[in-house]
Amino acid sequence: MTSTIKAIPDIVIGRLPLYLRALAYMIEENREFVSSQELGDRLGISSVQIRKDLSYFGEFGKQGTGYEIQFLRQQLRQILHADKVWEIALVGAGDLGHALIRYEEFCEKGFCIAVVFDRDPQKIGRKMGGFEVFDAESIPTIVKERGIKVAIIAVPASEAQAVSDILVKAGVRAILNYAPITLSVPPKVQVQYINPIIQLQHMAYYLD
């Protein structure tokens, strides 16, 4: 496994979870080996691209047999730090926040919501999906004490940047942002955006 992570294009890192998911499905199918061609056919990615992506991290395949699925999955999990359990701070206890708490696959994949914050006095102190909702003012203290590095922002766009600033100062280094706004963060902080409207507008271009 390489230690020069900074030299690897982010677009390559972004494809690794797709490979990991496909391998998981193959394990459920009781498969033992897979070629880059077959993996590519499943994902709509060329076999050349798959081999190039994986070559950044080492040599995992064997000529004539392809990739041993269990081994490649284990290696990708280590590369993506998916072999650990990450506590998540969720900011926003509205309808979206409630839905995210109920989404069990987060924790099944190693990303477990550990604490929930909101600034609404009517929600603070109440239970939501088994979690007590803490005052957003306590984000710096609780996030630092628990050493939380991952957060989800599920607040209105008008509040998202301020929330992001607080989270970053508290030590968060990865943010999943559901607010329809581009966040300004330091280079060391990773941000991923989920905005269904943008995706729908993208697809609508191709509709008659």
# chains A, B, ... in the order shown; residues from 1 in each chain; ligands from 1

$ residues_around --residues "Leu176 (chain A)" --least-positions-apart "6" --cutoff "8 Å" --atoms "only C-alpha atoms" --output "list in words"
Val150, Ala151, Ile152, Ile153, Val191, Gln192, Tyr193 and Ile194 of chain A

$ residues_around --residues "Ile198 (chain A)" --least-positions-apart "4" --cutoff "12 Å" --atoms "only C-alpha atoms" --output "ChimeraX atom specification"
/A:178-181,193-194,202-205

$ select_by_dssp --residues "region 49-180 of chain A" --states "alpha helix (DSSP H)" --output "ChimeraX atom specification"
/A:49-55,69-79,95-102,105-108,139-146,157-169

$ write_last_selection --atoms "C-alpha atoms" --output "PDB file, in the first residue's frame"
ATOM      1  CA  GLN A  49      -9.142   2.278 -15.961  1.00  0.00           C
ATOM      2  CA  ILE A  50      -9.743  -0.238 -13.169  1.00  0.00           C
ATOM      3  CA  ARG A  51      -6.256  -1.693 -13.501  1.00  0.00           C
ATOM      4  CA  LYS A  52      -4.762   1.801 -13.564  1.00  0.00           C
ATOM      5  CA  ASP A  53      -6.734   2.860 -10.468  1.00  0.00           C
ATOM      6  CA  LEU A  54      -5.668  -0.190  -8.470  1.00  0.00           C
ATOM      7  CA  SER A  55      -2.038   0.118  -9.581  1.00  0.00           C
ATOM      8  CA  ILE A  69     -12.330 -11.014  -4.433  1.00  0.00           C
ATOM      9  CA  GLN A  70     -11.979 -11.425  -0.679  1.00  0.00           C
ATOM     10  CA  PHE A  71      -8.379 -10.230  -0.714  1.00  0.00           C
ATOM     11  CA  LEU A  72      -9.078  -7.220  -2.938  1.00  0.00           C
ATOM     12  CA  ARG A  73     -12.040  -6.247  -0.802  1.00  0.00           C
ATOM     13  CA  GLN A  74      -9.903  -6.439   2.330  1.00  0.00           C
ATOM     14  CA  GLN A  75      -7.208  -4.274   0.731  1.00  0.00           C
ATOM     15  CA  LEU A  76      -9.695  -1.656  -0.448  1.00  0.00           C
ATOM     16  CA  ARG A  77     -11.292  -1.515   2.985  1.00  0.00           C
ATOM     17  CA  GLN A  78      -7.884  -0.773   4.498  1.00  0.00           C
ATOM     18  CA  ILE A  79      -7.086   1.847   1.865  1.00  0.00           C
ATOM     19  CA  ASP A  95     -37.006  15.627   9.040  1.00  0.00           C
ATOM     20  CA  LEU A  96     -33.802  14.938   7.120  1.00  0.00           C
ATOM     21  CA  GLY A  97     -31.810  14.372  10.291  1.00  0.00           C
ATOM     22  CA  HIS A  98     -34.443  11.958  11.557  1.00  0.00           C
ATOM     23  CA  ALA A  99     -34.326  10.030   8.279  1.00  0.00           C
ATOM     24  CA  LEU A 100     -30.530   9.828   8.438  1.00  0.00           C
ATOM     25  CA  ILE A 101     -30.643   8.426  11.961  1.00  0.00           C
ATOM     26  CA  ARG A 102     -32.995   5.702  10.772  1.00  0.00           C
ATOM     27  CA  GLU A 105     -26.581   1.143   6.497  1.00  0.00           C
ATOM     28  CA  PHE A 106     -24.467   4.017   7.838  1.00  0.00           C
ATOM     29  CA  CYS A 107     -23.495   2.034  10.897  1.00  0.00           C
ATOM     30  CA  GLU A 108     -23.376  -1.259   9.013  1.00  0.00           C
ATOM     31  CA  ILE A 139     -20.575  21.229  19.398  1.00  0.00           C
ATOM     32  CA  PRO A 140     -17.005  22.410  20.177  1.00  0.00           C
ATOM     33  CA  THR A 141     -16.936  20.747  23.592  1.00  0.00           C
ATOM     34  CA  ILE A 142     -18.570  17.419  22.711  1.00  0.00           C
ATOM     35  CA  VAL A 143     -16.858  16.937  19.346  1.00  0.00           C
ATOM     36  CA  LYS A 144     -13.423  17.638  20.845  1.00  0.00           C
ATOM     37  CA  GLU A 145     -14.027  15.416  23.880  1.00  0.00           C
ATOM     38  CA  ARG A 146     -15.107  12.471  21.717  1.00  0.00           C
ATOM     39  CA  ALA A 157     -28.268  26.630   3.568  1.00  0.00           C
ATOM     40  CA  SER A 158     -28.270  29.883   5.541  1.00  0.00           C
ATOM     41  CA  GLU A 159     -26.791  28.081   8.568  1.00  0.00           C
ATOM     42  CA  ALA A 160     -24.484  25.565   6.890  1.00  0.00           C
ATOM     43  CA  GLN A 161     -21.303  27.653   6.592  1.00  0.00           C
ATOM     44  CA  ALA A 162     -21.411  28.745  10.226  1.00  0.00           C
ATOM     45  CA  VAL A 163     -21.961  25.137  11.306  1.00  0.00           C
ATOM     46  CA  SER A 164     -19.088  24.020   9.091  1.00  0.00           C
ATOM     47  CA  ASP A 165     -16.757  26.604  10.634  1.00  0.00           C
ATOM     48  CA  ILE A 166     -17.605  25.400  14.144  1.00  0.00           C
ATOM     49  CA  LEU A 167     -17.128  21.741  13.216  1.00  0.00           C
ATOM     50  CA  VAL A 168     -13.746  22.383  11.581  1.00  0.00           C
ATOM     51  CA  LYS A 169     -12.506  24.320  14.592  1.00  0.00           C
TER      52      LYS A 169
END

$ residues_around --residues "Asp135 (chain A)" --least-positions-apart "6" --cutoff "7 Å" --atoms "only C-alpha atoms" --output "list of chain:residue names"
A:Phe117, A:Asp118, A:Arg119, A:Ile124

$ write_last_selection --atoms "C-alpha atoms" --output "JSON list (two decimals), in the first residue's frame"
[["chain", "number", "residue", "atom", "x", "y", "z"],
["A", 117, "PHE", "CA", -27.11, 18.66, 17.56],
["A", 118, "ASP", "CA", -29.70, 21.33, 16.84],
["A", 119, "ARG", "CA", -30.32, 24.94, 17.82],
["A", 124, "ILE", "CA", -32.88, 20.31, 22.46]]

$ select_by_dssp --residues "region 108-186 of chain A" --states "strand (DSSP E or B)" --output "PyMOL selection string"
chain A and resi 111-118+127-128+131-135+150-153+174-177

$ residues_around --residues "Arg21 (chain A)" --least-positions-apart "3" --cutoff "12 Å" --atoms "only C-alpha atoms" --output "JSON, numbers by chain"
{"A": [15, 16, 17, 18, 24, 25, 26, 27, 28, 39, 42, 43, 69, 72, 73, 74, 76, 77, 82, 109]}

$ write_last_selection --atoms "C-alpha atoms" --output "PDB file, in the first residue's frame"
ATOM      1  CA  ARG A  15     -14.124   5.159  -7.674  1.00  0.00           C
ATOM      2  CA  LEU A  16     -12.736   2.856  -4.979  1.00  0.00           C
ATOM      3  CA  PRO A  17     -16.036   2.690  -3.025  1.00  0.00           C
ATOM      4  CA  LEU A  18     -17.757   1.595  -6.264  1.00  0.00           C
ATOM      5  CA  ALA A  24     -19.345  -7.146  -1.744  1.00  0.00           C
ATOM      6  CA  TYR A  25     -22.138  -8.192  -4.109  1.00  0.00           C
ATOM      7  CA  MET A  26     -19.858 -10.775  -5.704  1.00  0.00           C
ATOM      8  CA  ILE A  27     -19.031 -12.247  -2.313  1.00  0.00           C
ATOM      9  CA  GLU A  28     -22.757 -12.644  -1.711  1.00  0.00           C
ATOM     10  CA  LEU A  39     -15.687  -5.739 -12.799  1.00  0.00           C
ATOM     11  CA  ARG A  42     -20.652  -4.300 -13.906  1.00  0.00           C
ATOM     12  CA  LEU A  43     -19.729  -0.709 -13.208  1.00  0.00           C
ATOM     13  CA  ILE A  69     -12.330 -11.014  -4.433  1.00  0.00           C
ATOM     14  CA  LEU A  72      -9.078  -7.220  -2.938  1.00  0.00           C
ATOM     15  CA  ARG A  73     -12.040  -6.247  -0.802  1.00  0.00           C
ATOM     16  CA  GLN A  74      -9.903  -6.439   2.330  1.00  0.00           C
ATOM     17  CA  LEU A  76      -9.695  -1.656  -0.448  1.00  0.00           C
ATOM     18  CA  ARG A  77     -11.292  -1.515   2.985  1.00  0.00           C
ATOM     19  CA  ALA A  82     -13.417   1.303   6.042  1.00  0.00           C
ATOM     20  CA  LYS A 109     -20.631   0.255   6.847  1.00  0.00           C
TER      21      LYS A 109
END

$ closest_residue --among "A:Ala22, A:Ile113, A:Glu87, A:Ile148" --to "Phe131 (chain A)" --atoms "only C-alpha atoms"
A:Ile113
